[in-house]
Amino acid sequence: MSATDGSGAPAPRFSIVIPVYKVRGYLRECLDSVLAQTFGDFEVLAVDDRSPDECGAILDEYAARDDRIIAIHREVNGGIGQARNTGVERATGTYLLFLDSDDTFTPDALENMARRLDEADDPEILLFDHVRTYWWDKRQASASTELLAEAGDEVFSPADRTEFLKMFAVVWNRAFRRDFYLEGGFTYTDGLYEDALMVYTTMLSAERVACLNHVCVEYRQRRQGSSMVTPGRKHFTIFEQYQRLFDFLATRPHLDPLRPFLFERMVSHFLFTFARSSRVVPADRAEYFRAASAMYREHLPAGYEPPAGLMGSKFQALGRGSYSSFQALKLVNQTRVSVRSKLKKARTTVGKRALTSLYQMHSKRPLDPRLAVYAAYWNRGVACNPGAIFRKAEELAPDIRGVWVVRRGLEDTVPAGVDYVVPGSPRYWEVMARATYFVNNVNYPDDIVKRPGQIHIQTHHGTPLKRMGIEQQRYPAAAKGMSFRKLLQRADRWDYSVSSNQHSSESWERVYPCTFESLDAGYPRNDVYFSATAEDVLAARERLGIAPGKTAVLYAPTVRDYQAGFVPRMDLEKVTRGLGPDAVLMVRTHYFYGQDPALQRLHEQGALLDVSKYPVVEELCLAADALITDYSSIMFDYACLDRPIITYADDWEVYVKSRGVTFDLFSGKPGETPGVLATTEDELIEAFHSGDWDSERTAALRAAFRERFVQYDDGNAAERVVRRVFLGQEMTHAPQPLALRTPAPSPGKAAAVPTAV
C-alpha cells in the first residue's frame, strides 16, 4: 500500500508514538533502541507530556541529532492517553506503533514487522510478541508466544477468533494501519486502563489481523515508579473504561454474541486489579468492590454461566454484592499469604537479633526534630558532600544539631568542636534511633531501621562514569559478593538523592529504582571551587609544601575491581623525571587501599608527594595546576576549576569489560573526553613537553566536558540542599550560565614545563 505524508513525499512505513513523562533514567535507552533498528523507514513522534524533569531536553537533543525524531512538547500535562493522541495527530506513517518510553524495541523488530506486513498484504492490525525484563536481569516470555506461533501466516477477523482477544491488552504489542485507525475514529481516553479499551474496540472493528511470532518489545517491569503499580483512587478509572467498551458494543448489535466473552474479560480484570494492594489500598477496597459489583449486575448477559471452581465463586459473590462472602474466598491465596507471612516473620526475627536492646528502647521514644546524623565514606570522618552540608546547616539552620558517625580509631581526625559518636556505642544507638535527618554519601548499615518521619539524604560521592547500582549485575568483578536486593532495600530508605548534573540524575534513577526525590542541586563538596580565593589556593599549596613557581600535578587513579591492592599503573619515577625539576607530582591512591611502600619510599626521597592520607581532597585540587586521572570521578569535580585534565590509563578495554561504563571516555569526542588521552608514560610526558596538556585543542575539549558535567555546580549546592531538606523551602535558585560562573583562580605558570632532565 503506497501512501504520502501530505506533502506528496512517500510516507514512512512506521510512525512510532512515544509518550514521555518522568522517565529520564530510561528515555535514552528507549530512543537508542529505535535509532538502532535494522529497518530505518520510520518517524518517531516523541511527546513530552510536560515532564518536570529533563525529558523534554533529552528529546530535543535526539531530534537535533536525527531528523526522524520529532520532539513534541505539550503545554499542559494530560496523561499518557492525551500524549498518544497528540502523537497520532502529527503522524504520517502507514502504520502506527505505540512504544512506552521506559520500554525498548529489539534490534530487528521493525524489519520483521515490515516483512510480515508485506506478506499479509497490509492487514489492519499486526500482533507481535514481547518479553518482560526485570531489574535482576531476568527475561520472561509472554503468555502469547504459543498463540502467535500457532497463527502462522493466517489473516483473520478477531470476532471469529476470540482467543486473540485474550492477548495482553496493551497497545504496544501491535501495529495499527493508520487509515484504519483514523477512519475508525479511535482516540485514547483519560486515565489508566486506556489500553484495554483501545485494544478491544480496535480488535472488534478489524476484519484483517495478522500475527508475527517474533519478540519485538522488551517490556520493562519497573520496581518503582510505574503508574500501574502505584496505589490510589486512579485505579477506579477501570470502571469508566469498561463502561465505554459496553457503550461501544451497544452501537454494534452484530457483536452481541461476544458480550458474554467480553463480560467475563471485564470481571476478570476487575478481580485481578482488586487483588493487588499495589493498586487498590485497603481503605478503598469496599468501595471498589461495590463499584465492580454494580458493573457486574448492569452488564450481566442473559443466561450467563460463571466459570467453574473458585473463580466462579468469586464471580457469584461479586454479582450478589456480598463483600463478606468475597472476603471469605481469600483462602485461595492461603499458600501465597502463608509464604509471605513466614518470610516476613523470618526477616523480623533476623532484624531483632541485629538490633541492640538500647536501639529498641530508644526507637520507642519520639524523634528529635532537631537532630541530624552525618556520615561519609563508611564512617571515615567529616568529609565530602555531607561535610559541606553539615557546615552550611550550621550557618542556615543552627537549631539542627549535627552528630557525625566516626569509626573507632579515627576519632582524632574529627575537627575540634564537632560532635560525633562511634558505631556500636550506647550513644550511637540513641542518635540512630531518634534522629530526624540522616545524611550520608554511602548507605547506613542494614540494622538501621528507618522510622516513620525520618528523612534520609543520599549525597553520593561522584559522577558515575562506571556502572553503578543494579547495572553492576552484568559485571562479575564489580558484583562479587553483592546482594542487589539488599542494596535496593537500603536505597529504599532514601528520601532525597543529590545530583550534580543531568547525567547523574538519569543514572541514579535508572540504577536505583526507588522512590526518592532527585535534588538537582550540584555537589556541596564542589562549592569551594567557586568560593575559594587566590589566597586560599596559595595557602593550600603552602600546607602541602609546594614551592612557589612549581607546576603542581595531581595524579589520582581510581580502584580496579579486577585486581587486589594498589598496583601503580605508571612508572612514577619515570614520570617525575619526565616532568622535570619545575614540576611536582602529587599522588593520591584510592581510599580503599592501604599504604604503599614503594610510593612512601619515593615520597621520602623527595621524588614526589604522597598525599594519599591528606584529609581534604578539595584542597589538593585547589593546589593543583593539572589533574592526571583514569576513571576516577575526581575528574568531574576538578572540571569545576576549568584547569587541564589528562586521562592516563593503559587498561581501558579491560576496565570496560570488568566494570562497565556509562560513556566512552576514550572516544576523543567533545563532552566525553576532557583533554589529553595517554596510555603510556611516554605519551603522558610528551603531552607536557609539547604543551598539548594545556593547548587550545584540549581547552575546547575541556569546555565541552564542563558544559555537560558542571551543570548544577556554582558554589550554592549546599545551600540549596539545606534550604530544601532542613528548612522545607523549594529549590528556586537555579545555577548561573556556566560562562558566568567564576572558579577559584589557578596557581598558574608563566611558561610551559621545561624539557626533562
# chains A, B, ... in the order shown; residues from 1 in each chain; ligands from 1
$ residues_around --residues "range 677-682 of chain A" --least-positions-apart "6" --cutoff "10 Å" --atoms "only C-alpha atoms" --output "ChimeraX atom specification"
/A:569-572,574-575,578,628,630,645-652,665-668,693,698
$ atom_distance --atom1 "CA of Lys138 in chain A" --atom2 "CA of Glu471 in chain A"
12.8 Å
$ select_by_dssp --residues "range 470-535 of chain A" --states "helix (DSSP H, G or I)" --output "PyMOL selection string"
chain A and resi 470-474+476-479+484-491+502-511+524-526+528-531+534-535
$ select_by_dssp --residues "range 543-658 of chain A" --states "strand (DSSP E or B)" --output "ChimeraX atom specification"
/A:551-555,583-587,609-610,626-629,645-648
$ closest_residue --among "A:Pro581, A:Arg50, A:Ser500, A:Arg222" --to "Tyr134 in chain A" --atoms "only C-alpha atoms"
A:Arg222
$ residues_around --residues "range 506-520 of chain A" --least-positions-apart "2" --cutoff "6 Å" --atoms "only C-alpha atoms" --output "ChimeraX atom specification"
/A:24-25,223-224,469-470,492,494-499,503-504
$ atom_distance --atom1 "CA of Trp429 in chain A" --atom2 "CA of Asn443 in chain A"
16.5 Å
$ residues_around --residues "Ser313 in chain A" --least-positions-apart "6" --cutoff "10 Å" --atoms "only C-alpha atoms" --output "PyMOL selection string"
chain A and resi 306-307+319+325-326+329
$ write_last_selection --atoms "N, CA and C atoms" --output "PDB file, in the first residue's frame"
ATOM      1  N   PRO A 306     -21.241 -18.399  35.148  1.00  0.00           N
ATOM      2  CA  PRO A 306     -19.875 -18.088  35.594  1.00  0.00           C
ATOM      3  C   PRO A 306     -18.947 -19.268  35.371  1.00  0.00           C
ATOM      4  N   PRO A 307     -17.651 -19.017  35.334  1.00  0.00           N
ATOM      5  CA  PRO A 307     -16.690 -20.121  35.183  1.00  0.00           C
ATOM      6  C   PRO A 307     -16.756 -21.063  36.380  1.00  0.00           C
ATOM      7  N   GLY A 319     -21.398 -10.737  41.982  1.00  0.00           N
ATOM      8  CA  GLY A 319     -22.734 -10.495  41.457  1.00  0.00           C
ATOM      9  C   GLY A 319     -23.746 -10.230  42.554  1.00  0.00           C
ATOM     10  N   SER A 325     -18.822 -12.329  51.811  1.00  0.00           N
ATOM     11  CA  SER A 325     -18.651 -13.627  51.156  1.00  0.00           C
ATOM     12  C   SER A 325     -17.384 -13.645  50.319  1.00  0.00           C
ATOM     13  N   PHE A 326     -17.142 -12.535  49.659  1.00  0.00           N
ATOM     14  CA  PHE A 326     -15.947 -12.471  48.825  1.00  0.00           C
ATOM     15  C   PHE A 326     -14.691 -12.547  49.687  1.00  0.00           C
ATOM     16  N   LEU A 329     -13.479 -15.877  50.562  1.00  0.00           N
ATOM     17  CA  LEU A 329     -12.832 -16.636  49.492  1.00  0.00           C
ATOM     18  C   LEU A 329     -11.336 -16.351  49.392  1.00  0.00           C
TER      19      LEU A 329
END
$ atom_distance --atom1 "CA of Ser293 in chain A" --atom2 "CA of Glu163 in chain A"
25.7 Å
$ residues_around --residues "His603 in chain A" --least-positions-apart "2" --cutoff "12 Å" --atoms "only C-alpha atoms" --output "list in words"
Leu572, Glu573, Thr576, Val584, Leu585, Met586, Val587, Arg588, Gln595, Asp596, Pro597, Ala598, Leu599, Gln600, Arg601, Gln605, Gly606, Ala607, Leu608, Leu609, Asp610, Val611 and Ser612 of chain A
$ write_last_selection --atoms "N, CA and C atoms" --output "PDB file, in the first residue's frame"
ATOM      1  N   LEU A 572      56.134   5.710  38.280  1.00  0.00           N
ATOM      2  CA  LEU A 572      56.103   7.023  38.906  1.00  0.00           C
ATOM      3  C   LEU A 572      57.467   7.710  38.851  1.00  0.00           C
ATOM      4  N   GLU A 573      58.537   6.938  39.003  1.00  0.00           N
ATOM      5  CA  GLU A 573      59.872   7.548  38.934  1.00  0.00           C
ATOM      6  C   GLU A 573      60.130   8.133  37.553  1.00  0.00           C
ATOM      7  N   THR A 576      58.028  11.375  37.093  1.00  0.00           N
ATOM      8  CA  THR A 576      58.550  12.534  37.832  1.00  0.00           C
ATOM      9  C   THR A 576      59.811  13.079  37.170  1.00  0.00           C
ATOM     10  N   VAL A 584      56.014  19.275  40.307  1.00  0.00           N
ATOM     11  CA  VAL A 584      55.919  18.371  41.438  1.00  0.00           C
ATOM     12  C   VAL A 584      54.689  17.496  41.230  1.00  0.00           C
ATOM     13  N   LEU A 585      54.874  16.185  41.380  1.00  0.00           N
ATOM     14  CA  LEU A 585      53.789  15.233  41.198  1.00  0.00           C
ATOM     15  C   LEU A 585      53.224  14.851  42.556  1.00  0.00           C
ATOM     16  N   MET A 586      51.941  15.110  42.753  1.00  0.00           N
ATOM     17  CA  MET A 586      51.238  14.669  43.962  1.00  0.00           C
ATOM     18  C   MET A 586      50.459  13.400  43.611  1.00  0.00           C
ATOM     19  N   VAL A 587      50.618  12.353  44.407  1.00  0.00           N
ATOM     20  CA  VAL A 587      49.962  11.073  44.129  1.00  0.00           C
ATOM     21  C   VAL A 587      48.981  10.761  45.251  1.00  0.00           C
ATOM     22  N   ARG A 588      47.741  10.518  44.852  1.00  0.00           N
ATOM     23  CA  ARG A 588      46.714  10.148  45.836  1.00  0.00           C
ATOM     24  C   ARG A 588      46.090   8.830  45.412  1.00  0.00           C
ATOM     25  N   GLN A 595      48.608   1.776  52.815  1.00  0.00           N
ATOM     26  CA  GLN A 595      49.855   2.468  52.488  1.00  0.00           C
ATOM     27  C   GLN A 595      50.688   1.614  51.524  1.00  0.00           C
ATOM     28  N   ASP A 596      51.199   2.249  50.469  1.00  0.00           N
ATOM     29  CA  ASP A 596      52.036   1.546  49.502  1.00  0.00           C
ATOM     30  C   ASP A 596      53.507   1.837  49.801  1.00  0.00           C
ATOM     31  N   PRO A 597      54.302   0.816  50.111  1.00  0.00           N
ATOM     32  CA  PRO A 597      55.708   1.040  50.495  1.00  0.00           C
ATOM     33  C   PRO A 597      56.524   1.740  49.415  1.00  0.00           C
ATOM     34  N   ALA A 598      56.361   1.346  48.164  1.00  0.00           N
ATOM     35  CA  ALA A 598      57.133   1.965  47.085  1.00  0.00           C
ATOM     36  C   ALA A 598      56.793   3.444  46.946  1.00  0.00           C
ATOM     37  N   LEU A 599      55.530   3.756  47.068  1.00  0.00           N
ATOM     38  CA  LEU A 599      55.109   5.154  46.986  1.00  0.00           C
ATOM     39  C   LEU A 599      55.670   5.950  48.162  1.00  0.00           C
ATOM     40  N   GLN A 600      55.633   5.339  49.338  1.00  0.00           N
ATOM     41  CA  GLN A 600      56.182   6.007  50.510  1.00  0.00           C
ATOM     42  C   GLN A 600      57.684   6.256  50.349  1.00  0.00           C
ATOM     43  N   ARG A 601      58.396   5.303  49.729  1.00  0.00           N
ATOM     44  CA  ARG A 601      59.839   5.483  49.517  1.00  0.00           C
ATOM     45  C   ARG A 601      60.115   6.669  48.597  1.00  0.00           C
ATOM     46  N   GLN A 605      62.130  10.148  49.443  1.00  0.00           N
ATOM     47  CA  GLN A 605      63.266  10.589  48.634  1.00  0.00           C
ATOM     48  C   GLN A 605      63.050  11.968  48.035  1.00  0.00           C
ATOM     49  N   GLY A 606      61.846  12.502  48.178  1.00  0.00           N
ATOM     50  CA  GLY A 606      61.548  13.817  47.618  1.00  0.00           C
ATOM     51  C   GLY A 606      61.229  13.793  46.139  1.00  0.00           C
ATOM     52  N   ALA A 607      61.011  12.589  45.569  1.00  0.00           N
ATOM     53  CA  ALA A 607      60.709  12.492  44.138  1.00  0.00           C
ATOM     54  C   ALA A 607      59.286  12.940  43.835  1.00  0.00           C
ATOM     55  N   LEU A 608      58.410  12.803  44.811  1.00  0.00           N
ATOM     56  CA  LEU A 608      57.012  13.188  44.632  1.00  0.00           C
ATOM     57  C   LEU A 608      56.403  13.411  46.007  1.00  0.00           C
ATOM     58  N   LEU A 609      55.126  13.816  46.018  1.00  0.00           N
ATOM     59  CA  LEU A 609      54.389  13.986  47.257  1.00  0.00           C
ATOM     60  C   LEU A 609      53.306  12.922  47.337  1.00  0.00           C
ATOM     61  N   ASP A 610      53.381  12.064  48.350  1.00  0.00           N
ATOM     62  CA  ASP A 610      52.319  11.086  48.583  1.00  0.00           C
ATOM     63  C   ASP A 610      51.260  11.769  49.444  1.00  0.00           C
ATOM     64  N   VAL A 611      50.139  12.103  48.823  1.00  0.00           N
ATOM     65  CA  VAL A 611      49.076  12.824  49.526  1.00  0.00           C
ATOM     66  C   VAL A 611      47.862  11.916  49.738  1.00  0.00           C
ATOM     67  N   SER A 612      48.102  10.619  49.765  1.00  0.00           N
ATOM     68  CA  SER A 612      47.006   9.659  49.892  1.00  0.00           C
ATOM     69  C   SER A 612      46.224   9.849  51.185  1.00  0.00           C
TER      70      SER A 612
END
$ closest_residue --among "A:Phe315, A:Tyr95, A:Phe180, A:Tyr219" --to "Ala141 in chain A" --atoms "only C-alpha atoms"
A:Tyr219
$ residues_around --residues "range 395-403 of chain A" --least-positions-apart "5" --cutoff "12 Å" --atoms "only C-alpha atoms" --output "MDAnalysis selection string"
chainID A and resid 368:375 379 381:382 386:390 414 417:423 427:428 430:432 434:440 718:728
$ residues_around --residues "Tyr181 in chain A" --least-positions-apart "5" --cutoff "9 Å" --atoms "only C-alpha atoms" --output "PyMOL selection string"
chain A and resi 96+124+176+186-187+202
$ decode --residues "range 359-445 of chain A" --atoms "C-alpha atoms" --output "CSV table (one decimal), in the first residue's frame"
chain,number,residue,atom,x,y,z
A,359,TYR,CA,18.3,0.7,69.9
A,360,GLN,CA,14.9,-0.9,70.5
A,361,MET,CA,14.4,1.1,73.7
A,362,HIS,CA,15.3,4.4,72.1
A,363,SER,CA,13.2,3.6,69.0
A,364,LYS,CA,10.1,3.8,71.2
A,365,ARG,CA,10.9,7.4,72.1
A,366,PRO,CA,9.8,10.3,69.9
A,367,LEU,CA,12.0,11.5,67.1
A,368,ASP,CA,14.2,14.5,67.9
A,369,PRO,CA,13.2,17.1,65.2
A,370,ARG,CA,16.4,19.0,65.7
A,371,LEU,CA,18.9,16.1,65.4
A,372,ALA,CA,20.8,15.2,62.2
A,373,VAL,CA,23.2,12.3,61.8
A,374,TYR,CA,26.0,12.6,59.3
A,375,ALA,CA,28.5,10.1,57.9
A,376,ALA,CA,30.8,9.8,54.9
A,377,TYR,CA,32.9,7.1,53.2
A,378,TRP,CA,31.8,4.3,55.6
A,379,ASN,CA,32.4,6.4,58.7
A,380,ARG,CA,35.8,7.7,57.8
A,381,GLY,CA,35.2,11.2,59.2
A,382,VAL,CA,34.0,14.6,58.3
A,383,ALA,CA,34.3,14.9,54.5
A,384,CYS,CA,32.7,15.1,51.1
A,385,ASN,CA,29.2,16.3,50.4
A,386,PRO,CA,27.9,15.5,53.9
A,387,GLY,CA,30.7,17.7,55.4
A,388,ALA,CA,29.7,20.6,53.2
A,389,ILE,CA,26.0,20.2,54.1
A,390,PHE,CA,26.9,20.0,57.8
A,391,ARG,CA,28.8,23.3,57.6
A,392,LYS,CA,26.1,25.1,55.7
A,393,ALA,CA,23.4,23.7,58.1
A,394,GLU,CA,25.3,25.2,61.0
A,395,GLU,CA,25.0,28.6,59.2
A,396,LEU,CA,21.5,28.4,57.9
A,397,ALA,CA,19.8,26.0,60.3
A,398,PRO,CA,21.7,26.4,63.6
A,399,ASP,CA,18.9,24.8,65.6
A,400,ILE,CA,19.6,21.5,63.9
A,401,ARG,CA,22.3,19.6,65.9
A,402,GLY,CA,24.6,17.6,63.8
A,403,VAL,CA,26.3,14.4,65.1
A,404,TRP,CA,28.8,12.5,63.0
A,405,VAL,CA,29.3,8.7,62.9
A,406,VAL,CA,33.1,8.1,63.0
A,407,ARG,CA,34.7,4.6,63.2
A,408,ARG,CA,36.8,3.7,66.1
A,409,GLY,CA,40.4,4.7,65.6
A,410,LEU,CA,39.6,7.8,63.6
A,411,GLU,CA,38.4,10.0,66.4
A,412,ASP,CA,41.5,12.2,66.2
A,413,THR,CA,40.5,13.2,62.7
A,414,VAL,CA,37.3,14.9,63.8
A,415,PRO,CA,37.7,18.7,63.8
A,416,ALA,CA,37.6,20.4,67.2
A,417,GLY,CA,34.0,21.2,68.3
A,418,VAL,CA,32.3,18.7,66.1
A,419,ASP,CA,30.1,16.2,67.9
A,420,TYR,CA,30.5,12.5,67.0
A,421,VAL,CA,29.6,9.0,68.0
A,422,VAL,CA,31.4,5.7,67.5
A,423,PRO,CA,29.4,2.9,65.9
A,424,GLY,CA,28.1,0.4,68.5
A,425,SER,CA,28.5,2.8,71.4
A,426,PRO,CA,25.5,3.5,73.6
A,427,ARG,CA,25.0,7.0,72.3
A,428,TYR,CA,25.3,5.7,68.8
A,429,TRP,CA,22.2,3.6,69.2
A,430,GLU,CA,20.4,6.6,70.7
A,431,VAL,CA,21.1,9.1,67.9
A,432,MET,CA,20.4,6.5,65.2
A,433,ALA,CA,17.0,5.7,66.8
A,434,ARG,CA,15.9,9.3,67.4
A,435,ALA,CA,17.4,11.5,64.7
A,436,THR,CA,15.1,13.0,62.2
A,437,TYR,CA,17.7,13.6,59.4
A,438,PHE,CA,20.3,11.2,58.1
A,439,VAL,CA,23.0,12.5,55.6
A,440,ASN,CA,25.4,10.1,54.0
A,441,ASN,CA,27.4,9.6,50.8
A,442,VAL,CA,27.1,5.8,51.1
A,443,ASN,CA,24.4,3.7,52.8
A,444,TYR,CA,23.8,3.3,56.5
A,445,PRO,CA,24.1,-0.3,57.8
